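Trainee: Sharing entry11.cif here; it has mmCIF, C-alpha atoms and all ligand atoms.
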data_upload
loop_
_atom_site.label_atom_id
_atom_site.label_comp_id
_atom_site.auth_asym_id
_atom_site.auth_seq_id
_atom_site.Cartn_x
_atom_site.Cartn_y
_atom_site.Cartn_z
CA MET U 1 17.94 190.41 99.34
CA SER U 2 21.65 190.04 99.92
CA ALA U 3 23.16 189.67 103.34
CA GLY U 4 26.70 190.34 104.42
CA SER U 5 28.94 193.26 103.68
CA GLY U 6 29.00 195.02 100.34
CA PRO U 7 27.24 194.07 97.14
CA ARG U 8 27.48 190.55 95.77
CA THR U 9 30.10 190.36 93.06
CA PHE U 10 30.46 188.21 89.96
CA PHE U 11 33.38 187.03 87.82
CA HIS U 12 33.82 187.51 84.08
CA CYS U 13 36.63 186.46 81.70
CA HIS U 14 37.86 189.36 79.57
CA PRO U 15 40.66 189.94 77.02
CA GLU U 16 43.73 191.44 78.70
CA GLY U 17 44.25 194.14 76.08
CA GLU U 18 40.68 195.41 76.12
CA ASP U 19 39.45 198.09 78.53
CA PRO U 20 37.13 196.34 81.01
CA GLY U 21 35.29 199.68 81.25
CA VAL U 22 33.33 198.63 78.14
CA LEU U 23 31.49 196.17 80.38
CA LEU U 24 29.79 199.12 82.06
CA ASP U 25 28.40 200.48 78.78
CA PRO U 26 24.70 199.49 78.64
CA ASP U 27 24.83 199.43 74.83
CA GLN U 28 27.48 196.69 74.97
CA GLN U 29 25.89 194.55 77.66
CA VAL U 30 24.96 191.72 75.32
CA THR U 31 26.25 188.17 75.06
CA GLU U 32 26.42 186.16 71.86
CA PRO U 33 27.59 182.58 71.28
CA TRP U 34 31.22 181.95 70.46
CA GLY U 35 31.40 181.13 66.78
CA GLU U 36 28.46 181.11 64.42
CA PRO U 37 25.02 181.50 65.98
CA GLU U 38 23.04 178.33 65.47
CA HIS U 39 19.31 178.36 65.04
CA GLY U 40 17.08 175.29 64.68
CA PRO U 41 16.53 172.11 66.71
CA CYS U 42 18.09 172.40 70.15
CA ASP U 43 20.99 169.99 70.61
CA LYS U 44 21.41 170.85 74.29
CA CYS U 45 18.11 169.32 75.42
CA GLY U 46 17.36 167.20 72.35
CA GLY U 47 14.08 169.09 71.96
CA ARG U 48 12.77 168.12 75.40
CA GLY U 49 12.71 171.72 76.58
CA ALA U 50 14.34 170.94 79.94
CA THR U 51 17.86 169.94 80.80
CA ALA U 52 20.13 168.99 83.68
CA TYR U 53 21.87 171.92 85.37
CA GLU U 54 25.17 171.77 87.23
CA CYS U 55 26.28 174.80 89.20
CA PHE U 56 30.02 174.94 88.48
CA SER U 57 30.55 177.54 91.21
CA CYS U 58 29.12 175.34 93.96
CA MET U 59 30.80 172.22 92.53
CA GLU U 60 34.22 173.89 92.74
CA ALA U 61 33.88 176.20 95.73
CA GLY U 62 31.44 174.23 97.89
CA THR U 63 27.65 174.34 98.17
CA ASP U 64 26.36 177.82 98.95
CA PRO U 65 22.71 178.16 100.07
CA SER U 66 22.77 181.81 99.01
CA CYS U 67 24.10 180.97 95.52
CA PRO U 68 22.18 183.07 92.96
CA VAL U 69 22.45 180.25 90.40
CA CYS U 70 21.22 177.24 92.36
CA GLN U 71 20.37 178.31 95.94
CA GLY U 72 22.49 175.38 97.09
CA ARG U 73 20.81 172.77 94.89
CA VAL U 74 24.00 172.30 92.80
CA ARG U 75 22.43 169.74 90.43
CA PHE U 76 18.85 170.12 89.27
CA GLU U 77 16.60 170.03 86.22
CA GLN U 78 15.18 173.22 84.74
CA THR U 79 13.97 174.83 81.51
CA CYS U 80 16.65 174.57 78.83
CA PRO U 81 18.45 177.94 78.62
CA THR U 82 19.35 177.61 74.95
CA CYS U 83 15.86 177.07 73.46
CA GLN U 84 14.06 178.45 76.54
CA GLY U 85 11.80 175.41 76.64
CA SER U 86 10.57 175.42 73.04
CA GLY U 87 12.93 172.72 71.71
CA GLU U 88 14.02 175.06 68.91
CA ILE U 89 16.72 177.71 69.11
CA HIS U 90 15.42 181.07 67.96
CA ARG U 91 17.37 183.63 69.91
CA THR U 92 21.08 183.47 70.68
CA ARG U 93 21.75 187.12 71.47
CA ARG U 94 21.08 187.70 75.16
CA ARG U 95 21.00 190.80 77.31
CA GLY U 96 23.75 191.00 79.91
CA ILE U 97 27.36 190.03 80.55
CA ALA U 98 28.11 186.35 81.24
CA VAL U 99 29.45 185.85 84.76
CA PHE U 100 29.82 183.29 87.54
CA PRO U 101 29.10 184.00 91.21
CA LYS U 102 32.45 182.43 92.17
CA ARG U 103 35.85 182.71 90.52
CA GLU U 104 36.13 178.91 90.84
CA GLY U 105 32.97 178.50 88.75
CA LEU U 106 34.42 180.63 85.96
CA TYR U 107 37.61 178.56 86.00
CA ARG U 108 35.66 175.32 85.84
CA TYR U 109 33.62 176.69 82.93
CA LEU U 110 36.77 177.65 81.03
CA ALA U 111 38.17 174.16 81.68
CA TRP U 112 34.94 172.55 80.47
CA LYS U 113 34.79 174.71 77.36
CA ASN U 114 38.13 173.48 76.14
CA ASP U 115 38.14 175.71 73.08
CA ALA U 116 38.24 178.71 75.42
CA GLY U 117 41.58 180.49 75.15
CA VAL U 118 42.83 181.22 78.65
CA GLU U 119 46.08 182.96 77.70
CA GLY U 120 46.00 186.75 77.57
CA LYS U 121 42.83 186.95 79.62
CA VAL U 122 41.95 188.65 82.87
CA VAL U 123 39.28 187.98 85.46
CA VAL U 124 37.08 191.00 86.04
CA GLU U 125 35.07 191.16 89.25
CA LEU U 126 31.84 193.06 88.74
CA ALA U 127 28.85 194.24 90.72
CA GLY U 128 25.47 194.79 89.15
CA GLU U 129 21.88 193.68 88.76
CA LEU U 130 20.93 190.26 87.41
CA SER U 131 19.55 190.46 83.87
CA ASP U 132 16.09 188.99 83.36
CA ASP U 133 17.56 187.10 80.41
CA CYS U 134 19.40 183.78 80.73
CA ASP U 135 22.79 182.79 79.38
CA LEU U 136 23.02 180.06 76.74
CA ASP U 137 25.21 178.12 79.20
CA ALA U 138 23.06 178.77 82.26
CA ASP U 139 23.00 174.98 82.71
CA HIS U 140 26.66 175.22 83.76
CA GLY U 141 25.98 177.96 86.23
CA ALA U 142 26.51 181.07 84.09
CA LEU U 143 24.44 184.14 84.88
CA LEU U 144 23.89 187.36 82.97
CA ILE U 145 24.25 190.64 84.82
CA LEU U 146 24.06 194.29 83.88
CA PRO U 147 27.33 195.47 85.46
CA ARG U 148 27.34 198.80 87.28
CA GLN U 149 30.74 198.69 88.93
CA LEU U 150 34.21 197.27 88.29
CA VAL U 151 35.43 195.83 91.57
CA SER U 152 38.77 194.33 90.55
CA VAL U 153 40.80 193.10 87.60
CA GLU U 154 43.31 190.29 88.10
CA PRO U 155 45.31 188.01 85.78
CA LEU U 156 43.57 184.79 84.85
CA ASP U 157 45.39 181.84 86.41
CA ALA U 158 45.68 179.56 83.37
CA GLU U 159 47.41 176.94 85.51
CA SER U 160 44.30 176.55 87.70
CA VAL U 161 42.14 176.10 84.62
CA ARG U 162 44.47 173.40 83.31
CA ALA U 163 44.45 171.65 86.68
CA ILE U 164 40.63 171.55 86.69
CA SER U 165 40.68 170.37 83.10
CA ASP U 166 43.02 167.48 83.96
CA ARG U 167 40.92 166.47 86.96
CA THR U 168 37.46 166.73 85.39
CA GLY U 169 38.64 165.20 82.10
CA GLU U 170 39.42 162.02 84.03
CA GLU U 171 36.07 162.12 85.86
CA ASP U 172 34.23 162.18 82.53
CA GLU U 173 35.83 158.97 81.27
ZN ZN U 201 25.36 177.26 93.10
ZN ZN U 202 16.79 173.19 74.46
#
Show the structure stored in the file as structure tokens.
Ligand SMILES: [Zn+2]
Ligand SMILES: [Zn+2]
Mentor:
Amino acid sequence: MSAGSGPRTFFHCHPEGEDPGVLLDPDQQVTEPWGEPEHGPCDKCGGRGATAYECFSCMEAGTDPSCPVCQGRVRFEQTCPTCQGSGEIHRTRRRGIAVFPKREGLYRYLAWKNDAGVEGKVVVELAGELSDDCDLDADHGALLILPRQLVSVEPLDAESVRAISDRTGEEDE
């Protein structure tokens, strides 16, 4: 599958004060929505069952033909990750840890999700298998993995997130 040296790694945002070792515990490898889980008609796709995807990692770091999210497509249409094509949200608890294949993609996601606190967070680089489940925000290039190895932990650069936020906020208007 993967070419190059070493396993492919992925990037996850984690609270600074919490042991990133918990990410390796299979019992804790689940992702739930921030805030109250919402069930019912899907607002992401308006009930169509498909939605537009944007790979934040390739948009920020450059198109990558080996990207596990988009294979270099960057923007494409696919089954809605939130309702999984049914038009109704039934299941918001997903198996795996939410990650991005590039650090830049994680930063762009945090900038996009402007209620995401970026202070007191670290970026954890992980290696592991892809989950067969999909993240609720897969349409922004998030993946779920079952981490097997902690590769690195570094401070989150809140300044970079703010810079992306300033830039993309203008693009949207
Ligand atoms: Zn991509
Ligand atoms: Zn949907």
Trainee: Find the residues near ligand ZN 202 (chain U). Use a cut-off of 12 Å, count only C-alpha atoms and all ligand atoms, and write them as a count of residues only.
Mentor: 33
Trainee: Find the distance between atom CA of U:Gln28 and atom CA of U:Gly141 and write it in Å to one decimal.
Mentor: 21.9 Å
Trainee: With 6 Å as the cut-off and all atoms listed in the file counted, what is the closest atom pair between each nearby residue of chain U and ligand ZN 201 (chain U)? Distances in Å to one decimal, ordered by chain and number, as JSON lines.
Mentor:
{"residue": "U:Cys55", "atom": "CA", "partner": "U:ZN201", "partner_atom": "ZN", "distance": 4.7}
{"residue": "U:Ser57", "atom": "CA", "partner": "U:ZN201", "partner_atom": "ZN", "distance": 5.5}
{"residue": "U:Cys58", "atom": "CA", "partner": "U:ZN201", "partner_atom": "ZN", "distance": 4.3}
{"residue": "U:Asp64", "atom": "CA", "partner": "U:ZN201", "partner_atom": "ZN", "distance": 6.0}
{"residue": "U:Cys67", "atom": "CA", "partner": "U:ZN201", "partner_atom": "ZN", "distance": 4.6}
{"residue": "U:Val69", "atom": "CA", "partner": "U:ZN201", "partner_atom": "ZN", "distance": 5.0}
{"residue": "U:Cys70", "atom": "CA", "partner": "U:ZN201", "partner_atom": "ZN", "distance": 4.2}
{"residue": "U:Gln71", "atom": "CA", "partner": "U:ZN201", "partner_atom": "ZN", "distance": 5.8}
{"residue": "U:Gly72", "atom": "CA", "partner": "U:ZN201", "partner_atom": "ZN", "distance": 5.3}
{"residue": "U:Val74", "atom": "CA", "partner": "U:ZN201", "partner_atom": "ZN", "distance": 5.2}
Trainee: In Å, with one decimal, what is the gap from atom CA of U:Cys134 to atom CA of U:Arg167?
Mentor: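 Distance reported for this atom pair: 28.3 Å.
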Trainee: Can you pull out the residues contacting U:Asn114? Cut-off 12 Å, using only C-alpha atoms, and skip same-chain residues under 2 positions away; I want them as an mmCIF file with C-alpha atoms, in the frame of the given file.
Mentor:
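Result file follows (around-v1.cif):
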data_model
loop_
_atom_site.group_PDB
_atom_site.id
_atom_site.type_symbol
_atom_site.label_atom_id
_atom_site.label_comp_id
_atom_site.auth_asym_id
_atom_site.auth_seq_id
_atom_site.Cartn_x
_atom_site.Cartn_y
_atom_site.Cartn_z
ATOM 1 C CA TYR U 107 37.610 178.560 86.000
ATOM 2 C CA ARG U 108 35.660 175.320 85.840
ATOM 3 C CA TYR U 109 33.620 176.690 82.930
ATOM 4 C CA LEU U 110 36.770 177.650 81.030
ATOM 5 C CA ALA U 111 38.170 174.160 81.680
ATOM 6 C CA TRP U 112 34.940 172.550 80.470
ATOM 7 C CA ALA U 116 38.240 178.710 75.420
ATOM 8 C CA GLY U 117 41.580 180.490 75.150
ATOM 9 C CA VAL U 118 42.830 181.220 78.650
ATOM 10 C CA VAL U 161 42.140 176.100 84.620
ATOM 11 C CA ARG U 162 44.470 173.400 83.310
ATOM 12 C CA ILE U 164 40.630 171.550 86.690
ATOM 13 C CA SER U 165 40.680 170.370 83.100
ATOM 14 C CA ASP U 166 43.020 167.480 83.960
ATOM 15 C CA THR U 168 37.460 166.730 85.390
ATOM 16 C CA GLY U 169 38.640 165.200 82.100
#
Trainee: Please report the interatomic distance between atom CA of U:Gly120 and atom CA of U:His14 in Å with one decimal.
Mentor: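 Here the two named atoms are 8.8 Å from each other.
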Trainee: For U:Leu126, find every residue with an atom within 6 Å (counting all atoms listed in the file), except residues of its own chain fewer than 6 positions away, and show them as a list in words.
Mentor: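 In the requested format, the answer is Thr9, Phe10, Gln149, Leu150 and Val151 of chain U.
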Trainee: Can you tell me, as lines of an AutoDock Vina configuration file, the centre and edge lengths (Å, one decimal) of the axis-aligned box enclosing all of stretch 132-135 of chain U's listed atoms after padding each side by 8 Å?
Mentor:
center_x = 19.4
center_y = 185.9
center_z = 81.4
size_x = 22.7
size_y = 22.2
size_z = 20.0
Trainee: Per residue of stretch 82-130 of chain U within 6 Å of stretch 153-158 of chain U, what are the shortest atom pair and its distance in Å to one decimal, counting all atoms listed in the file, with rows by chain and residue number, as CSV?
Mentor:
residue,atom,partner,partner_atom,distance
U:Val118,CA,U:Ala158,CA,5.8
U:Lys121,CA,U:Leu156,CA,5.7
U:Val122,CA,U:Pro155,CA,4.5
U:Val123,CA,U:Glu154,CA,5.3
U:Val124,CA,U:Val153,CA,4.5
Trainee: Print the selection's residues with C-alpha atoms to a file, as a PDB file, in the coordinates of the input.
Mentor:
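Okay, again.pdb is ready:
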ATOM      1  CA  VAL U 118      42.830 181.220  78.650  1.00  0.00           C
ATOM      2  CA  LYS U 121      42.830 186.950  79.620  1.00  0.00           C
ATOM      3  CA  VAL U 122      41.950 188.650  82.870  1.00  0.00           C
ATOM      4  CA  VAL U 123      39.280 187.980  85.460  1.00  0.00           C
ATOM      5  CA  VAL U 124      37.080 191.000  86.040  1.00  0.00           C
TER       6      VAL U 124
END
Trainee: Would you please work out which residue, of U:Phe11, U:Trp34, U:Arg73, U:Val22, is nearest to U:Arg93 when using all atoms listed in the file?
Mentor: U:Trp34
Trainee: Taking into account all atoms listed in the file, which residue in the set U:Pro101, U:Ser152, U:Ile145, U:Tyr53 is nearest to U:Ser66?
Mentor: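 Nearest to U:Ser66: U:Pro101.
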Trainee: Give as an mmCIF file with C-alpha atoms, keeping the file's coordinate frame each residue that has an atom at most 7 Å from (22.5, 188.9, 85.7) in the file, counting all atoms listed in the file.
Mentor:
data_model
loop_
_atom_site.group_PDB
_atom_site.id
_atom_site.type_symbol
_atom_site.label_atom_id
_atom_site.label_comp_id
_atom_site.auth_asym_id
_atom_site.auth_seq_id
_atom_site.Cartn_x
_atom_site.Cartn_y
_atom_site.Cartn_z
ATOM 1 C CA GLY U 96 23.750 191.000 79.910
ATOM 2 C CA GLU U 129 21.880 193.680 88.760
ATOM 3 C CA LEU U 130 20.930 190.260 87.410
ATOM 4 C CA SER U 131 19.550 190.460 83.870
ATOM 5 C CA ASP U 132 16.090 188.990 83.360
ATOM 6 C CA LEU U 143 24.440 184.140 84.880
ATOM 7 C CA LEU U 144 23.890 187.360 82.970
ATOM 8 C CA ILE U 145 24.250 190.640 84.820
ATOM 9 C CA LEU U 146 24.060 194.290 83.880
#
Trainee: Which neighbours of U:Ala142 fall inside 7 Å, counting all atoms listed in the file, when residues of the same chain fewer than 5 positions from it are skipped, and could you give them as a compact mmCIF listing (two decimals) with C-alpha atoms, in the coordinates of the input?
Mentor:
# COMPACT_ATOMS: atom_id res chain seq x y z
CA ALA U 98 28.11 186.35 81.24
CA VAL U 99 29.45 185.85 84.76
CA PHE U 100 29.82 183.29 87.54
CA ASP U 135 22.79 182.79 79.38
CA ASP U 137 25.21 178.12 79.20
Trainee: Compare U:Lys113, U:Gly6, U:Arg148, U:Lys102 by their minimum atom-to-atom distance to U:Gly128, counting all atoms listed in the file, and give me the closest one.
Mentor: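 Of all the options, U:Arg148 lies closest to U:Gly128.
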Trainee: Just checking: using only C-alpha atoms, which residue out of U:Arg95, U:His140, U:Arg75, U:Arg8 ends up closest to U:Pro26?
Mentor: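 Comparing U:Arg95, U:His140, U:Arg75, U:Arg8 against U:Pro26, the winner is U:Arg95.
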Trainee: Please extract stretch 32-68 of chain U and write it out with N, CA, C and O atoms, as an mmCIF file, in the first residue's frame.
Mentor:
data_model
loop_
_atom_site.group_PDB
_atom_site.id
_atom_site.type_symbol
_atom_site.label_atom_id
_atom_site.label_comp_id
_atom_site.auth_asym_id
_atom_site.auth_seq_id
_atom_site.Cartn_x
_atom_site.Cartn_y
_atom_site.Cartn_z
ATOM 1 N N GLU U 32 -16.861 11.408 19.168
ATOM 2 C CA GLU U 32 -18.237 11.873 19.274
ATOM 3 C C GLU U 32 -18.267 13.349 18.924
ATOM 4 O O GLU U 32 -17.266 14.037 19.035
ATOM 5 N N PRO U 33 -19.446 13.853 18.490
ATOM 6 C CA PRO U 33 -19.505 15.268 18.113
ATOM 7 C C PRO U 33 -19.223 16.166 19.301
ATOM 8 O O PRO U 33 -19.490 15.788 20.441
ATOM 9 N N TRP U 34 -18.701 17.363 19.006
ATOM 10 C CA TRP U 34 -18.517 18.354 20.053
ATOM 11 C C TRP U 34 -19.906 18.885 20.367
ATOM 12 O O TRP U 34 -20.680 19.184 19.473
ATOM 13 N N GLY U 35 -20.221 18.985 21.636
ATOM 14 C CA GLY U 35 -21.551 19.450 22.015
ATOM 15 C C GLY U 35 -22.549 18.299 21.982
ATOM 16 O O GLY U 35 -22.172 17.135 21.929
ATOM 17 N N GLU U 36 -23.800 18.641 22.006
ATOM 18 C CA GLU U 36 -24.864 17.638 22.066
ATOM 19 C C GLU U 36 -24.952 16.860 20.757
ATOM 20 O O GLU U 36 -24.953 17.458 19.677
ATOM 21 N N PRO U 37 -25.050 15.531 20.838
ATOM 22 C CA PRO U 37 -25.281 14.781 19.605
ATOM 23 C C PRO U 37 -26.656 15.123 19.029
ATOM 24 O O PRO U 37 -27.617 15.238 19.771
ATOM 25 N N GLU U 38 -26.686 15.338 17.724
ATOM 26 C CA GLU U 38 -27.955 15.665 17.092
ATOM 27 C C GLU U 38 -28.394 14.517 16.210
ATOM 28 O O GLU U 38 -27.630 14.044 15.385
ATOM 29 N N HIS U 39 -29.621 14.093 16.411
ATOM 30 C CA HIS U 39 -30.182 13.067 15.545
ATOM 31 C C HIS U 39 -31.383 13.674 14.830
ATOM 32 O O HIS U 39 -32.006 14.596 15.326
ATOM 33 N N GLY U 40 -31.689 13.164 13.627
ATOM 34 C CA GLY U 40 -32.826 13.698 12.875
ATOM 35 C C GLY U 40 -32.398 14.083 11.481
ATOM 36 O O GLY U 40 -31.352 13.618 11.001
ATOM 37 N N PRO U 41 -33.168 14.957 10.805
ATOM 38 C CA PRO U 41 -32.832 15.330 9.429
ATOM 39 C C PRO U 41 -31.412 15.878 9.342
ATOM 40 O O PRO U 41 -30.983 16.630 10.202
ATOM 41 N N CYS U 42 -30.706 15.482 8.283
ATOM 42 C CA CYS U 42 -29.292 15.855 8.165
ATOM 43 C C CYS U 42 -29.166 17.260 7.599
ATOM 44 O O CYS U 42 -29.603 17.537 6.483
ATOM 45 N N ASP U 43 -28.573 18.167 8.381
ATOM 46 C CA ASP U 43 -28.423 19.539 7.880
ATOM 47 C C ASP U 43 -27.196 19.693 6.988
ATOM 48 O O ASP U 43 -27.093 20.640 6.227
ATOM 49 N N LYS U 44 -26.265 18.723 7.070
ATOM 50 C CA LYS U 44 -25.068 18.843 6.229
ATOM 51 C C LYS U 44 -25.405 18.715 4.751
ATOM 52 O O LYS U 44 -24.948 19.502 3.942
ATOM 53 N N CYS U 45 -26.220 17.721 4.399
ATOM 54 C CA CYS U 45 -26.506 17.478 2.981
ATOM 55 C C CYS U 45 -27.929 17.873 2.621
ATOM 56 O O CYS U 45 -28.345 17.693 1.468
ATOM 57 N N GLY U 46 -28.690 18.383 3.596
ATOM 58 C CA GLY U 46 -30.072 18.758 3.330
ATOM 59 C C GLY U 46 -30.935 17.562 2.935
ATOM 60 O O GLY U 46 -31.924 17.701 2.227
ATOM 61 N N GLY U 47 -30.524 16.374 3.367
ATOM 62 C CA GLY U 47 -31.298 15.171 3.078
ATOM 63 C C GLY U 47 -30.995 14.543 1.729
ATOM 64 O O GLY U 47 -31.583 13.523 1.376
ATOM 65 N N ARG U 48 -30.059 15.122 0.977
ATOM 66 C CA ARG U 48 -29.738 14.567 -0.346
ATOM 67 C C ARG U 48 -28.972 13.260 -0.259
ATOM 68 O O ARG U 48 -28.981 12.452 -1.176
ATOM 69 N N GLY U 49 -28.207 13.094 0.819
ATOM 70 C CA GLY U 49 -27.436 11.864 0.994
ATOM 71 C C GLY U 49 -26.023 11.944 0.434
ATOM 72 O O GLY U 49 -25.207 11.067 0.678
ATOM 73 N N ALA U 50 -25.729 12.994 -0.316
ATOM 74 C CA ALA U 50 -24.358 13.205 -0.824
ATOM 75 C C ALA U 50 -23.992 14.659 -0.579
ATOM 76 O O ALA U 50 -24.875 15.504 -0.457
ATOM 77 N N THR U 51 -22.710 14.919 -0.488
ATOM 78 C CA THR U 51 -22.298 16.292 -0.230
ATOM 79 C C THR U 51 -20.939 16.572 -0.859
ATOM 80 O O THR U 51 -20.226 15.646 -1.263
ATOM 81 N N ALA U 52 -20.602 17.845 -0.953
ATOM 82 C CA ALA U 52 -19.321 18.256 -1.519
ATOM 83 C C ALA U 52 -18.223 18.063 -0.476
ATOM 84 O O ALA U 52 -18.374 18.483 0.665
ATOM 85 N N TYR U 53 -17.140 17.427 -0.876
ATOM 86 C CA TYR U 53 -15.978 17.239 -0.010
ATOM 87 C C TYR U 53 -14.876 18.207 -0.427
ATOM 88 O O TYR U 53 -14.696 18.478 -1.620
ATOM 89 N N GLU U 54 -14.141 18.678 0.574
ATOM 90 C CA GLU U 54 -12.935 19.472 0.332
ATOM 91 C C GLU U 54 -11.844 18.877 1.210
ATOM 92 O O GLU U 54 -12.027 18.795 2.419
ATOM 93 N N CYS U 55 -10.744 18.488 0.612
ATOM 94 C CA CYS U 55 -9.654 17.915 1.402
ATOM 95 C C CYS U 55 -8.787 19.063 1.927
ATOM 96 O O CYS U 55 -7.988 19.638 1.185
ATOM 97 N N PHE U 56 -8.966 19.392 3.202
ATOM 98 C CA PHE U 56 -8.235 20.524 3.780
ATOM 99 C C PHE U 56 -6.720 20.301 3.733
ATOM 100 O O PHE U 56 -5.956 21.263 3.600
ATOM 101 N N SER U 57 -6.295 19.040 3.838
ATOM 102 C CA SER U 57 -4.849 18.783 3.824
ATOM 103 C C SER U 57 -4.240 19.144 2.477
ATOM 104 O O SER U 57 -3.200 19.797 2.410
ATOM 105 N N CYS U 58 -4.896 18.722 1.399
ATOM 106 C CA CYS U 58 -4.369 19.034 0.067
ATOM 107 C C CYS U 58 -4.560 20.506 -0.285
ATOM 108 O O CYS U 58 -3.765 21.086 -1.016
ATOM 109 N N MET U 59 -5.627 21.133 0.244
ATOM 110 C CA MET U 59 -5.832 22.554 -0.028
ATOM 111 C C MET U 59 -4.740 23.399 0.623
ATOM 112 O O MET U 59 -4.309 24.406 0.072
ATOM 113 N N GLU U 60 -4.270 22.988 1.790
ATOM 114 C CA GLU U 60 -3.254 23.768 2.504
ATOM 115 C C GLU U 60 -1.832 23.371 2.117
ATOM 116 O O GLU U 60 -0.955 24.214 2.027
ATOM 117 N N ALA U 61 -1.606 22.075 1.950
ATOM 118 C CA ALA U 61 -0.234 21.585 1.778
ATOM 119 C C ALA U 61 0.104 21.261 0.330
ATOM 120 O O ALA U 61 1.242 20.917 0.018
ATOM 121 N N GLY U 62 -0.874 21.361 -0.566
ATOM 122 C CA GLY U 62 -0.632 21.021 -1.965
ATOM 123 C C GLY U 62 -1.220 19.652 -2.290
ATOM 124 O O GLY U 62 -1.265 18.770 -1.432
ATOM 125 N N THR U 63 -1.665 19.484 -3.529
ATOM 126 C CA THR U 63 -2.320 18.248 -3.946
ATOM 127 C C THR U 63 -1.359 17.072 -3.871
ATOM 128 O O THR U 63 -0.244 17.155 -4.377
ATOM 129 N N ASP U 64 -1.825 16.001 -3.225
ATOM 130 C CA ASP U 64 -0.996 14.813 -3.033
ATOM 131 C C ASP U 64 -1.724 13.600 -3.617
ATOM 132 O O ASP U 64 -2.736 13.171 -3.083
ATOM 133 N N PRO U 65 -1.212 13.047 -4.722
ATOM 134 C CA PRO U 65 -1.878 11.891 -5.340
ATOM 135 C C PRO U 65 -1.964 10.678 -4.416
ATOM 136 O O PRO U 65 -2.805 9.805 -4.625
ATOM 137 N N SER U 66 -1.126 10.619 -3.385
ATOM 138 C CA SER U 66 -1.203 9.481 -2.478
ATOM 139 C C SER U 66 -2.007 9.818 -1.213
ATOM 140 O O SER U 66 -1.987 9.080 -0.235
ATOM 141 N N CYS U 67 -2.725 10.945 -1.249
ATOM 142 C CA CYS U 67 -3.504 11.370 -0.088
ATOM 143 C C CYS U 67 -4.576 10.333 0.233
ATOM 144 O O CYS U 67 -5.370 9.977 -0.631
ATOM 145 N N PRO U 68 -4.613 9.851 1.492
ATOM 146 C CA PRO U 68 -5.603 8.821 1.845
ATOM 147 C C PRO U 68 -7.034 9.354 1.918
ATOM 148 O O PRO U 68 -7.976 8.576 1.952
#
